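Undergrad: File upload_28.cif below, mmCIF, C-alpha atoms; chains and numbers go by the auth columns:
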data_data
loop_
_atom_site.group_PDB
_atom_site.id
_atom_site.type_symbol
_atom_site.label_atom_id
_atom_site.label_comp_id
_atom_site.label_asym_id
_atom_site.label_seq_id
_atom_site.Cartn_x
_atom_site.Cartn_y
_atom_site.Cartn_z
_atom_site.B_iso_or_equiv
_atom_site.auth_seq_id
_atom_site.auth_asym_id
ATOM 1 C CA GLY A 1 0.000 0.000 0.000 0.00 600 A
ATOM 2 C CA GLU A 2 0.844 3.671 -0.005 0.00 601 A
ATOM 3 C CA ASN A 3 3.238 5.151 2.551 0.00 602 A
ATOM 4 C CA VAL A 4 3.223 8.888 3.208 0.00 603 A
ATOM 5 C CA GLU A 5 6.008 10.464 5.246 0.00 604 A
ATOM 6 C CA GLN A 6 5.806 14.023 6.533 0.00 605 A
ATOM 7 C CA HIS A 7 8.517 16.326 7.878 0.00 606 A
ATOM 8 C CA PRO A 8 9.133 18.099 10.121 0.00 607 A
ATOM 9 C CA SER A 9 6.928 16.941 12.973 0.00 608 A
ATOM 10 C CA THR A 10 7.185 20.346 14.651 0.00 609 A
ATOM 11 C CA LEU A 11 7.979 23.749 13.191 0.00 610 A
ATOM 12 C CA SER A 12 8.288 27.151 14.825 0.00 611 A
ATOM 13 C CA VAL A 13 8.555 30.326 12.795 0.00 612 A
ATOM 14 C CA GLN A 14 8.457 34.025 13.512 0.00 613 A
ATOM 15 C CA GLU A 15 5.372 35.880 12.402 0.00 614 A
ATOM 16 C CA GLY A 16 5.862 37.069 8.847 0.00 615 A
ATOM 17 C CA ASP A 17 8.345 34.346 7.932 0.00 616 A
ATOM 18 C CA SER A 18 7.603 31.460 5.572 0.00 617 A
ATOM 19 C CA ALA A 19 6.897 27.878 6.577 0.00 618 A
ATOM 20 C CA VAL A 20 7.490 24.795 4.457 0.00 619 A
ATOM 21 C CA ILE A 21 6.221 21.297 5.183 0.00 620 A
ATOM 22 C CA LYS A 22 7.296 18.357 3.047 0.00 621 A
ATOM 23 C CA CYS A 23 5.730 14.997 2.284 0.00 622 A
ATOM 24 C CA THR A 24 6.873 12.010 0.277 0.00 623 A
ATOM 25 C CA TYR A 25 4.755 9.177 -1.038 0.00 624 A
ATOM 26 C CA SER A 26 5.573 5.729 -2.343 0.00 625 A
ATOM 27 C CA ASP A 27 2.821 4.756 -4.778 0.00 626 A
ATOM 28 C CA SER A 28 3.312 6.297 -8.205 0.00 627 A
ATOM 29 C CA ALA A 29 -0.401 5.679 -8.918 0.00 628 A
ATOM 30 C CA SER A 30 -1.419 8.301 -6.332 0.00 629 A
ATOM 31 C CA ASN A 31 -2.913 11.255 -8.134 0.00 630 A
ATOM 32 C CA TYR A 32 -4.551 13.464 -5.522 0.00 631 A
ATOM 33 C CA PHE A 33 -2.682 15.250 -2.724 0.00 632 A
ATOM 34 C CA PRO A 34 -4.694 17.286 -0.216 0.00 633 A
ATOM 35 C CA TRP A 35 -3.483 19.287 2.759 0.00 634 A
ATOM 36 C CA TYR A 36 -5.551 19.652 5.919 0.00 635 A
ATOM 37 C CA LYS A 37 -5.297 22.104 8.783 0.00 636 A
ATOM 38 C CA GLN A 38 -6.451 21.053 12.222 0.00 637 A
ATOM 39 C CA GLU A 39 -6.712 23.678 14.915 0.00 638 A
ATOM 40 C CA LEU A 40 -6.680 22.577 18.525 0.00 639 A
ATOM 41 C CA GLY A 41 -9.892 20.768 19.403 0.00 640 A
ATOM 42 C CA LYS A 42 -11.339 21.150 15.916 0.00 641 A
ATOM 43 C CA ARG A 43 -11.882 18.972 12.891 0.00 642 A
ATOM 44 C CA PRO A 44 -9.364 18.768 10.024 0.00 643 A
ATOM 45 C CA GLN A 45 -10.270 21.129 7.207 0.00 644 A
ATOM 46 C CA LEU A 46 -9.078 20.988 3.639 0.00 645 A
ATOM 47 C CA ILE A 47 -6.982 24.061 2.857 0.00 646 A
ATOM 48 C CA ILE A 48 -5.529 23.217 -0.538 0.00 647 A
ATOM 49 C CA ASP A 49 -5.128 20.245 -2.826 0.00 648 A
ATOM 50 C CA ILE A 50 -3.287 19.349 -5.999 0.00 649 A
ATOM 51 C CA ARG A 51 -3.760 16.704 -8.653 0.00 650 A
ATOM 52 C CA SER A 52 -0.992 14.891 -10.444 0.00 651 A
ATOM 53 C CA ASN A 53 -1.454 16.750 -13.715 0.00 652 A
ATOM 54 C CA VAL A 54 -0.463 20.037 -12.052 0.00 653 A
ATOM 55 C CA GLY A 55 2.938 21.035 -10.675 0.00 654 A
ATOM 56 C CA GLU A 56 1.944 23.951 -8.481 0.00 655 A
ATOM 57 C CA LYS A 57 -1.173 25.560 -7.078 0.00 656 A
ATOM 58 C CA LYS A 58 -1.561 28.781 -5.117 0.00 657 A
ATOM 59 C CA ASP A 59 -4.298 30.230 -2.968 0.00 658 A
ATOM 60 C CA GLN A 60 -3.362 33.582 -1.458 0.00 659 A
ATOM 61 C CA ARG A 61 -0.594 32.871 1.099 0.00 660 A
ATOM 62 C CA ILE A 62 -0.699 29.111 0.635 0.00 661 A
ATOM 63 C CA ALA A 63 0.894 27.130 -2.171 0.00 662 A
ATOM 64 C CA VAL A 64 1.480 23.468 -2.860 0.00 663 A
ATOM 65 C CA THR A 65 4.100 22.025 -5.192 0.00 664 A
ATOM 66 C CA LEU A 66 4.254 18.511 -6.560 0.00 665 A
ATOM 67 C CA ASN A 67 7.235 16.658 -8.002 0.00 666 A
ATOM 68 C CA LYS A 68 5.885 13.408 -9.466 0.00 667 A
ATOM 69 C CA THR A 69 9.293 12.120 -10.472 0.00 668 A
ATOM 70 C CA ALA A 70 10.662 12.406 -6.965 0.00 669 A
ATOM 71 C CA LYS A 71 7.292 11.537 -5.417 0.00 670 A
ATOM 72 C CA HIS A 72 7.184 14.470 -3.066 0.00 671 A
ATOM 73 C CA PHE A 73 4.924 17.429 -2.466 0.00 672 A
ATOM 74 C CA SER A 74 5.234 20.440 -0.220 0.00 673 A
ATOM 75 C CA LEU A 75 3.076 23.036 1.482 0.00 674 A
ATOM 76 C CA HIS A 76 4.344 26.597 1.530 0.00 675 A
ATOM 77 C CA ILE A 77 2.832 29.265 3.763 0.00 676 A
ATOM 78 C CA THR A 78 4.127 32.799 3.258 0.00 677 A
ATOM 79 C CA GLU A 79 3.797 35.791 5.593 0.00 678 A
ATOM 80 C CA THR A 80 2.770 33.551 8.445 0.00 679 A
ATOM 81 C CA GLN A 81 0.315 34.838 11.044 0.00 680 A
ATOM 82 C CA PRO A 82 -0.478 33.558 14.558 0.00 681 A
ATOM 83 C CA GLU A 83 -3.762 32.114 13.273 0.00 682 A
ATOM 84 C CA ASP A 84 -1.748 29.794 11.023 0.00 683 A
ATOM 85 C CA SER A 85 -0.684 27.910 14.174 0.00 684 A
ATOM 86 C CA ALA A 86 -2.195 24.429 13.888 0.00 685 A
ATOM 87 C CA VAL A 87 -1.383 20.855 12.948 0.00 686 A
ATOM 88 C CA TYR A 88 -1.083 20.300 9.207 0.00 687 A
ATOM 89 C CA PHE A 89 -1.582 16.922 7.552 0.00 688 A
ATOM 90 C CA CYS A 90 -0.711 15.869 4.038 0.00 689 A
ATOM 91 C CA ALA A 91 -2.414 12.952 2.334 0.00 690 A
ATOM 92 C CA ALA A 92 -2.325 10.946 -0.875 0.00 691 A
ATOM 93 C CA SER A 93 -4.987 9.037 -2.759 0.00 692 A
ATOM 94 C CA LYS A 94 -5.207 7.273 -6.099 0.00 693 A
ATOM 95 C CA ASP A 95 -8.928 6.608 -6.249 0.00 694 A
ATOM 96 C CA GLY A 96 -10.693 8.936 -3.820 0.00 695 A
ATOM 97 C CA ASN A 97 -11.526 5.976 -1.591 0.00 696 A
ATOM 98 C CA GLN A 98 -8.348 5.171 0.273 0.00 697 A
ATOM 99 C CA PHE A 99 -6.554 8.185 1.704 0.00 698 A
ATOM 100 C CA TYR A 100 -3.141 7.819 3.312 0.00 699 A
ATOM 101 C CA PHE A 101 -2.154 10.531 5.738 0.00 700 A
ATOM 102 C CA GLY A 102 1.167 11.809 6.958 0.00 701 A
ATOM 103 C CA THR A 103 1.786 11.949 10.690 0.00 702 A
ATOM 104 C CA GLY A 104 1.248 15.694 10.924 0.00 703 A
ATOM 105 C CA THR A 105 3.297 18.862 11.485 0.00 704 A
ATOM 106 C CA SER A 106 2.608 21.081 14.464 0.00 705 A
ATOM 107 C CA LEU A 107 3.232 24.639 13.295 0.00 706 A
ATOM 108 C CA THR A 108 3.688 27.424 15.821 0.00 707 A
ATOM 109 C CA VAL A 109 3.853 31.020 14.631 0.00 708 A
ATOM 110 C CA ILE A 110 5.527 33.212 17.221 0.00 709 A
ATOM 111 C CA PRO A 111 4.183 36.785 17.343 0.00 710 A
ATOM 112 C CA ASP B 1 -22.299 24.076 3.469 0.00 389 B
ATOM 113 C CA VAL B 2 -21.431 20.441 4.049 0.00 390 B
ATOM 114 C CA LYS B 3 -22.316 19.203 7.484 0.00 391 B
ATOM 115 C CA VAL B 4 -20.897 16.029 8.979 0.00 392 B
ATOM 116 C CA THR B 5 -22.021 15.299 12.502 0.00 393 B
ATOM 117 C CA GLN B 6 -21.046 12.647 15.009 0.00 394 B
ATOM 118 C CA SER B 7 -23.286 11.358 17.757 0.00 395 B
ATOM 119 C CA SER B 8 -21.007 12.161 20.687 0.00 396 B
ATOM 120 C CA ARG B 9 -18.022 14.414 21.335 0.00 397 B
ATOM 121 C CA TYR B 10 -16.879 12.425 24.365 0.00 398 B
ATOM 122 C CA LEU B 11 -17.554 8.850 25.409 0.00 399 B
ATOM 123 C CA VAL B 12 -16.303 6.776 28.322 0.00 400 B
ATOM 124 C CA LYS B 13 -16.852 3.032 28.112 0.00 401 B
ATOM 125 C CA ARG B 14 -15.708 -0.002 30.029 0.00 402 B
ATOM 126 C CA THR B 15 -13.577 -2.811 28.665 0.00 403 B
ATOM 127 C CA GLY B 16 -15.720 -5.415 26.943 0.00 404 B
ATOM 128 C CA GLU B 17 -18.653 -3.103 26.229 0.00 405 B
ATOM 129 C CA LYS B 18 -20.132 -2.840 22.746 0.00 406 B
ATOM 130 C CA VAL B 19 -19.740 0.697 21.474 0.00 407 B
ATOM 131 C CA PHE B 20 -21.572 2.446 18.644 0.00 408 B
ATOM 132 C CA LEU B 21 -20.278 5.618 17.044 0.00 409 B
ATOM 133 C CA GLU B 22 -22.589 7.258 14.548 0.00 410 B
ATOM 134 C CA CYS B 23 -21.888 9.662 11.743 0.00 411 B
ATOM 135 C CA VAL B 24 -24.385 11.536 9.606 0.00 412 B
ATOM 136 C CA GLN B 25 -23.770 13.697 6.532 0.00 413 B
ATOM 137 C CA ASP B 26 -26.329 15.888 4.834 0.00 414 B
ATOM 138 C CA MET B 27 -24.836 16.314 1.363 0.00 415 B
ATOM 139 C CA ASP B 28 -25.748 13.044 -0.336 0.00 416 B
ATOM 140 C CA HIS B 29 -22.103 11.994 -0.540 0.00 417 B
ATOM 141 C CA GLU B 30 -21.386 8.511 -1.811 0.00 418 B
ATOM 142 C CA ASN B 31 -18.230 7.897 0.197 0.00 419 B
ATOM 143 C CA MET B 32 -17.920 7.830 3.956 0.00 420 B
ATOM 144 C CA PHE B 33 -14.932 7.005 6.148 0.00 421 B
ATOM 145 C CA TRP B 34 -13.942 6.219 9.708 0.00 422 B
ATOM 146 C CA TYR B 35 -10.475 7.159 10.948 0.00 423 B
ATOM 147 C CA ARG B 36 -8.776 7.067 14.268 0.00 424 B
ATOM 148 C CA GLN B 37 -6.334 9.790 15.208 0.00 425 B
ATOM 149 C CA ASP B 38 -3.514 9.164 17.649 0.00 426 B
ATOM 150 C CA PRO B 39 -0.605 11.468 18.536 0.00 427 B
ATOM 151 C CA GLY B 40 2.381 10.895 16.284 0.00 428 B
ATOM 152 C CA LEU B 41 0.472 8.503 14.043 0.00 429 B
ATOM 153 C CA GLY B 42 -1.719 10.879 12.076 0.00 430 B
ATOM 154 C CA LEU B 43 -5.043 9.651 10.758 0.00 431 B
ATOM 155 C CA ARG B 44 -5.409 5.951 10.048 0.00 432 B
ATOM 156 C CA LEU B 45 -8.285 4.565 8.019 0.00 433 B
ATOM 157 C CA ILE B 46 -10.409 1.948 9.756 0.00 434 B
ATOM 158 C CA TYR B 47 -13.160 1.377 7.173 0.00 435 B
ATOM 159 C CA PHE B 48 -14.746 3.206 4.300 0.00 436 B
ATOM 160 C CA SER B 49 -17.969 2.806 2.396 0.00 437 B
ATOM 161 C CA TYR B 50 -18.672 3.833 -1.188 0.00 438 B
ATOM 162 C CA ASP B 51 -22.366 2.993 -1.215 0.00 439 B
ATOM 163 C CA VAL B 52 -25.193 1.777 0.992 0.00 440 B
ATOM 164 C CA LYS B 53 -24.411 -1.646 2.430 0.00 441 B
ATOM 165 C CA MET B 54 -20.948 -1.560 0.824 0.00 442 B
ATOM 166 C CA LYS B 55 -17.815 -1.418 2.943 0.00 443 B
ATOM 167 C CA GLU B 56 -14.107 -1.875 2.540 0.00 444 B
ATOM 168 C CA LYS B 57 -11.420 -2.430 5.152 0.00 445 B
ATOM 169 C CA GLY B 58 -8.845 0.238 5.676 0.00 446 B
ATOM 170 C CA ASP B 59 -5.460 -0.118 7.299 0.00 447 B
ATOM 171 C CA ILE B 60 -6.586 -1.003 10.834 0.00 448 B
ATOM 172 C CA PRO B 61 -9.962 -2.794 10.753 0.00 449 B
ATOM 173 C CA GLU B 62 -9.210 -5.313 13.511 0.00 450 B
ATOM 174 C CA GLY B 63 -11.608 -5.002 16.424 0.00 451 B
ATOM 175 C CA TYR B 64 -14.041 -2.820 14.464 0.00 452 B
ATOM 176 C CA SER B 65 -17.023 -3.302 12.204 0.00 453 B
ATOM 177 C CA VAL B 66 -19.222 -0.840 10.327 0.00 454 B
ATOM 178 C CA SER B 67 -22.764 -0.493 9.110 0.00 455 B
ATOM 179 C CA ARG B 68 -24.246 1.640 6.365 0.00 456 B
ATOM 180 C CA GLU B 69 -27.961 1.038 6.021 0.00 457 B
ATOM 181 C CA LYS B 70 -28.739 4.513 4.703 0.00 458 B
ATOM 182 C CA LYS B 71 -26.670 6.744 2.476 0.00 459 B
ATOM 183 C CA GLU B 72 -26.379 9.537 5.024 0.00 460 B
ATOM 184 C CA ARG B 73 -25.414 7.401 8.010 0.00 461 B
ATOM 185 C CA PHE B 74 -22.253 5.411 8.684 0.00 462 B
ATOM 186 C CA SER B 75 -21.776 3.659 11.999 0.00 463 B
ATOM 187 C CA LEU B 76 -18.606 2.338 13.592 0.00 464 B
ATOM 188 C CA ILE B 77 -18.985 -0.541 16.012 0.00 465 B
ATOM 189 C CA LEU B 78 -16.520 -1.751 18.579 0.00 466 B
ATOM 190 C CA GLU B 79 -17.754 -5.257 19.338 0.00 467 B
ATOM 191 C CA SER B 80 -15.828 -5.559 22.607 0.00 468 B
ATOM 192 C CA ALA B 81 -14.037 -2.367 23.549 0.00 469 B
ATOM 193 C CA SER B 82 -10.448 -2.618 24.734 0.00 470 B
ATOM 194 C CA THR B 83 -8.158 -0.046 26.309 0.00 471 B
ATOM 195 C CA ASN B 84 -6.035 0.154 23.158 0.00 472 B
ATOM 196 C CA GLN B 85 -9.067 1.518 21.339 0.00 473 B
ATOM 197 C CA THR B 86 -8.933 4.684 23.418 0.00 474 B
ATOM 198 C CA SER B 87 -8.541 7.336 20.739 0.00 475 B
ATOM 199 C CA MET B 88 -10.088 10.171 18.773 0.00 476 B
ATOM 200 C CA TYR B 89 -12.428 8.851 16.084 0.00 477 B
ATOM 201 C CA LEU B 90 -13.103 10.982 13.041 0.00 478 B
ATOM 202 C CA CYS B 91 -15.776 10.402 10.462 0.00 479 B
ATOM 203 C CA ALA B 92 -15.596 11.919 6.991 0.00 480 B
ATOM 204 C CA SER B 93 -17.603 12.014 3.801 0.00 481 B
ATOM 205 C CA SER B 94 -16.387 12.884 0.348 0.00 482 B
ATOM 206 C CA ILE B 95 -17.380 13.809 -3.133 0.00 483 B
ATOM 207 C CA HIS B 96 -14.985 14.123 -6.063 0.00 484 B
ATOM 208 C CA TYR B 97 -12.081 13.298 -3.744 0.00 485 B
ATOM 209 C CA GLU B 98 -12.678 16.206 -1.329 0.00 486 B
ATOM 210 C CA GLN B 99 -13.149 14.973 2.231 0.00 487 B
ATOM 211 C CA TYR B 100 -15.213 16.722 4.891 0.00 488 B
ATOM 212 C CA PHE B 101 -14.657 15.718 8.488 0.00 489 B
ATOM 213 C CA GLY B 102 -16.941 15.498 11.466 0.00 490 B
ATOM 214 C CA PRO B 103 -15.981 17.055 14.818 0.00 491 B
ATOM 215 C CA GLY B 104 -14.627 13.803 16.221 0.00 492 B
ATOM 216 C CA THR B 105 -15.510 11.551 19.144 0.00 493 B
ATOM 217 C CA ARG B 106 -12.966 11.166 21.895 0.00 494 B
ATOM 218 C CA LEU B 107 -13.461 7.653 23.221 0.00 495 B
ATOM 219 C CA THR B 108 -11.921 6.524 26.471 0.00 496 B
ATOM 220 C CA VAL B 109 -12.050 2.837 27.365 0.00 497 B
ATOM 221 C CA THR B 110 -11.337 2.075 31.002 0.00 498 B
#
Take the structure from the file and write it as structure tokens.

TA:
Amino acid sequence: GENVEQHPSTLSVQEGDSAVIKCTYSDSASNYFPWYKQELGKRPQLIIDIRSNVGEKKDQRIAVTLNKTAKHFSLHITETQPEDSAVYFCAASKDGNQFYFGTGTSLTVIP
Amino acid sequence: DVKVTQSSRYLVKRTGEKVFLECVQDMDHENMFWYRQDPGLGLRLIYFSYDVKMKEKGDIPEGYSVSREKKERFSLILESASTNQTSMYLCASSIHYEQYFGPGTRLTVT
């Protein structure tokens, strides 16, 4: 089956700096890569996703890049704000049924 | 707005009890999922269902079963709860790959 690895497990940045979280996957058939944000005590929420026919996608301060050859994808958050503090999960899926999640990155933005 | 609800936010059960966790979605989604979330392990898929009465095992189905009698409702059953099933349980539904999560049920088995 698929194996998704996520790094780092914790990340602290100063407000206004950028944050980058990286994930690798093992199954070349995976074609959908979502990122979820989970604030303390709340449900995971989809913040951005990318499909395998696209190399990069941006949504305001958030961007995701995908390198299919190397089987890795990354989340980039620019101009970080305290409200970006949360746990971020990457995931991979090849059919929309089975989703394989990374182990999460706890991001702290220091004011 | 998609709404996924779970029957309880917190549950405390005793070892050996039968436990039912219910999930309801209101958007007519075909797919529904049950995950458990543990620190350092991320979200692990227990079961998913792609249609009424259809189910597929995920990565960690042992000790669990599921039921989907109606499209909007997906139940997770712990036949005989054990302490190692203490966890946060998250339900989700999806359409066109996008998953929407419920608020979670924190289950403690003593």

Undergrad: From the options A:Leu706, A:Glu601, A:Gln680, A:Asn666, which residue's atoms come nearest to chain B, counting all atoms listed in the file?

TA: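 Of A:Leu706, A:Glu601, A:Gln680, A:Asn666, the one nearest chain B, counting all atoms listed in the file, is A:Glu601.
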
Undergrad: Identify all chain A residues at most 6 Å from chain B by counting all atoms listed in the file; ligands do not count. Present them as a list in words.

TA: Arg642, Gly695, Phe700, Gly701, Thr702 and Gly703 of chain A

Undergrad: How about saving the chosen residues, C-alpha atoms kept, as a PDB file, in the coordinates of the input?

TA:
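Output below, filename selection.pdb:
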ATOM      1  CA  ARG A 642     -11.882  18.972  12.891  1.00  0.00           C
ATOM      2  CA  GLY A 695     -10.693   8.936  -3.820  1.00  0.00           C
ATOM      3  CA  PHE A 700      -2.154  10.531   5.738  1.00  0.00           C
ATOM      4  CA  GLY A 701       1.167  11.809   6.958  1.00  0.00           C
ATOM      5  CA  THR A 702       1.786  11.949  10.690  1.00  0.00           C
ATOM      6  CA  GLY A 703       1.248  15.694  10.924  1.00  0.00           C
TER       7      GLY A 703
END

Undergrad: Could you spell out the hits of the PyMOL selection byres ((chain B and resi 469) around 12) on the shown file, as an mmCIF file with C-alpha atoms, in the frame of the given file?

TA:
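Saved the output as selection28.cif:
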data_model
loop_
_atom_site.group_PDB
_atom_site.id
_atom_site.type_symbol
_atom_site.label_atom_id
_atom_site.label_comp_id
_atom_site.auth_asym_id
_atom_site.auth_seq_id
_atom_site.Cartn_x
_atom_site.Cartn_y
_atom_site.Cartn_z
ATOM 1 C CA LEU B 399 -17.554 8.850 25.409
ATOM 2 C CA VAL B 400 -16.303 6.776 28.322
ATOM 3 C CA LYS B 401 -16.852 3.032 28.112
ATOM 4 C CA ARG B 402 -15.708 -0.002 30.029
ATOM 5 C CA THR B 403 -13.577 -2.811 28.665
ATOM 6 C CA GLY B 404 -15.720 -5.415 26.943
ATOM 7 C CA GLU B 405 -18.653 -3.103 26.229
ATOM 8 C CA LYS B 406 -20.132 -2.840 22.746
ATOM 9 C CA VAL B 407 -19.740 0.697 21.474
ATOM 10 C CA PHE B 408 -21.572 2.446 18.644
ATOM 11 C CA GLU B 450 -9.210 -5.313 13.511
ATOM 12 C CA GLY B 451 -11.608 -5.002 16.424
ATOM 13 C CA TYR B 452 -14.041 -2.820 14.464
ATOM 14 C CA SER B 453 -17.023 -3.302 12.204
ATOM 15 C CA LEU B 464 -18.606 2.338 13.592
ATOM 16 C CA ILE B 465 -18.985 -0.541 16.012
ATOM 17 C CA LEU B 466 -16.520 -1.751 18.579
ATOM 18 C CA GLU B 467 -17.754 -5.257 19.338
ATOM 19 C CA SER B 468 -15.828 -5.559 22.607
ATOM 20 C CA SER B 470 -10.448 -2.618 24.734
ATOM 21 C CA THR B 471 -8.158 -0.046 26.309
ATOM 22 C CA ASN B 472 -6.035 0.154 23.158
ATOM 23 C CA GLN B 473 -9.067 1.518 21.339
ATOM 24 C CA THR B 474 -8.933 4.684 23.418
ATOM 25 C CA SER B 475 -8.541 7.336 20.739
ATOM 26 C CA LEU B 495 -13.461 7.653 23.221
ATOM 27 C CA THR B 496 -11.921 6.524 26.471
ATOM 28 C CA VAL B 497 -12.050 2.837 27.365
ATOM 29 C CA THR B 498 -11.337 2.075 31.002
#

Undergrad: One decimal, Å: what's the distance from atom CA of Ser617 of chain A over to atom CA of Ile676 of chain A, could you say?

TA: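 Here the two named atoms are 5.6 Å from each other.
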
Undergrad: For Tyr398 of chain B, which residue among B:Arg494, B:Arg461, B:Lys443, B:His417 is the nearest when counting all atoms listed in the file?

TA: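 Using all atoms listed in the file, the shortest distance to Tyr398 of chain B belongs to B:Arg494.
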
Undergrad: Given only C-alpha atoms as the basis, pick out the residue of A:Ala628, A:Val708, A:Ala669, A:Leu674 nearest to Ile649 of chain A.

TA: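 Closest candidate: A:Leu674.
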
Undergrad: I'd like the interatomic distance between atom CA of Cys622 of chain A and atom CA of Thr493 of chain B, to a tenth of an Å.

TA: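 Taking atom CA of Cys622 of chain A and atom CA of Thr493 of chain B, their separation equals 27.3 Å.
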
Undergrad: Give me, please, the distance in Å between atom CA of Thr677 of chain A and atom CA of Ser608 of chain A, quoted to one decimal.

TA: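 If I compute the distance from atom CA of Thr677 of chain A to atom CA of Ser608 of chain A, I get 18.8 Å.
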
Undergrad: Which residues match the PyMOL selection byres ((chain A and resi 660) around 10) in the file above, as a VMD selection string?

TA: chain A and resid 617 657 to 659 661 to 662 675 to 679

Undergrad: Please provide the set of residues having any atom within 8 Å of Lys441 of chain B, restricted to only C-alpha atoms, with same-chain residues fewer than 2 positions apart removed, written as a ChimeraX atom specification.

TA: /B:437,439,443,455-458

Undergrad: May I ask which of the residues B:Met476, B:Ile434, B:Met442, B:Val454 is the closest one to Tyr699 of chain A, counting all atoms listed in the file?

TA: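 Closest to Tyr699 of chain A of all the choices is B:Ile434.
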
Undergrad: Could you write out as a PDB file with C-alpha atoms, in the frame of the given file the residues that the PyMOL selection byres ((chain A and resi 691) around 10) matches in the shown file?

TA:
ATOM      1  CA  GLU A 601       0.844   3.671  -0.005  1.00  0.00           C
ATOM      2  CA  ASN A 602       3.238   5.151   2.551  1.00  0.00           C
ATOM      3  CA  VAL A 603       3.223   8.888   3.208  1.00  0.00           C
ATOM      4  CA  CYS A 622       5.730  14.997   2.284  1.00  0.00           C
ATOM      5  CA  THR A 623       6.873  12.010   0.277  1.00  0.00           C
ATOM      6  CA  TYR A 624       4.755   9.177  -1.038  1.00  0.00           C
ATOM      7  CA  SER A 625       5.573   5.729  -2.343  1.00  0.00           C
ATOM      8  CA  ASP A 626       2.821   4.756  -4.778  1.00  0.00           C
ATOM      9  CA  ALA A 628      -0.401   5.679  -8.918  1.00  0.00           C
ATOM     10  CA  SER A 629      -1.419   8.301  -6.332  1.00  0.00           C
ATOM     11  CA  ASN A 630      -2.913  11.255  -8.134  1.00  0.00           C
ATOM     12  CA  TYR A 631      -4.551  13.464  -5.522  1.00  0.00           C
ATOM     13  CA  PHE A 632      -2.682  15.250  -2.724  1.00  0.00           C
ATOM     14  CA  PRO A 633      -4.694  17.286  -0.216  1.00  0.00           C
ATOM     15  CA  TRP A 634      -3.483  19.287   2.759  1.00  0.00           C
ATOM     16  CA  ASP A 648      -5.128  20.245  -2.826  1.00  0.00           C
ATOM     17  CA  ILE A 649      -3.287  19.349  -5.999  1.00  0.00           C
ATOM     18  CA  ARG A 650      -3.760  16.704  -8.653  1.00  0.00           C
ATOM     19  CA  PHE A 672       4.924  17.429  -2.466  1.00  0.00           C
ATOM     20  CA  CYS A 689      -0.711  15.869   4.038  1.00  0.00           C
ATOM     21  CA  ALA A 690      -2.414  12.952   2.334  1.00  0.00           C
ATOM     22  CA  SER A 692      -4.987   9.037  -2.759  1.00  0.00           C
ATOM     23  CA  LYS A 693      -5.207   7.273  -6.099  1.00  0.00           C
ATOM     24  CA  ASP A 694      -8.928   6.608  -6.249  1.00  0.00           C
ATOM     25  CA  GLY A 695     -10.693   8.936  -3.820  1.00  0.00           C
ATOM     26  CA  GLN A 697      -8.348   5.171   0.273  1.00  0.00           C
ATOM     27  CA  PHE A 698      -6.554   8.185   1.704  1.00  0.00           C
ATOM     28  CA  TYR A 699      -3.141   7.819   3.312  1.00  0.00           C
ATOM     29  CA  PHE A 700      -2.154  10.531   5.738  1.00  0.00           C
ATOM     30  CA  GLY A 701       1.167  11.809   6.958  1.00  0.00           C
TER      31      GLY A 701
END

Undergrad: Which residue gives the smallest distance to Leu610 of chain A among A:Asn696, A:Asn652, A:Thr664, A:Thr707, with all atoms listed in the file counted?

TA: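 Checking each candidate against Leu610 of chain A, we get A:Thr707 as the closest.
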
Undergrad: Name the closest residue to Glu410 of chain B among the candidates B:Lys459, B:Ser396, B:Ile448, B:Tyr423; distances are taken between atoms, counting only C-alpha atoms.

TA: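 Nearest candidate to Glu410 of chain B out of B:Lys459, B:Ser396, B:Ile448, B:Tyr423: B:Ser396.
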
Undergrad: Could you give me, as number ranges by chain, the residues within 8 Å of Asp414 of chain B, counting only C-alpha atoms and dropping anything in the same chain fewer than 3 positions from it?

TA: B: 390-392, 417, 460
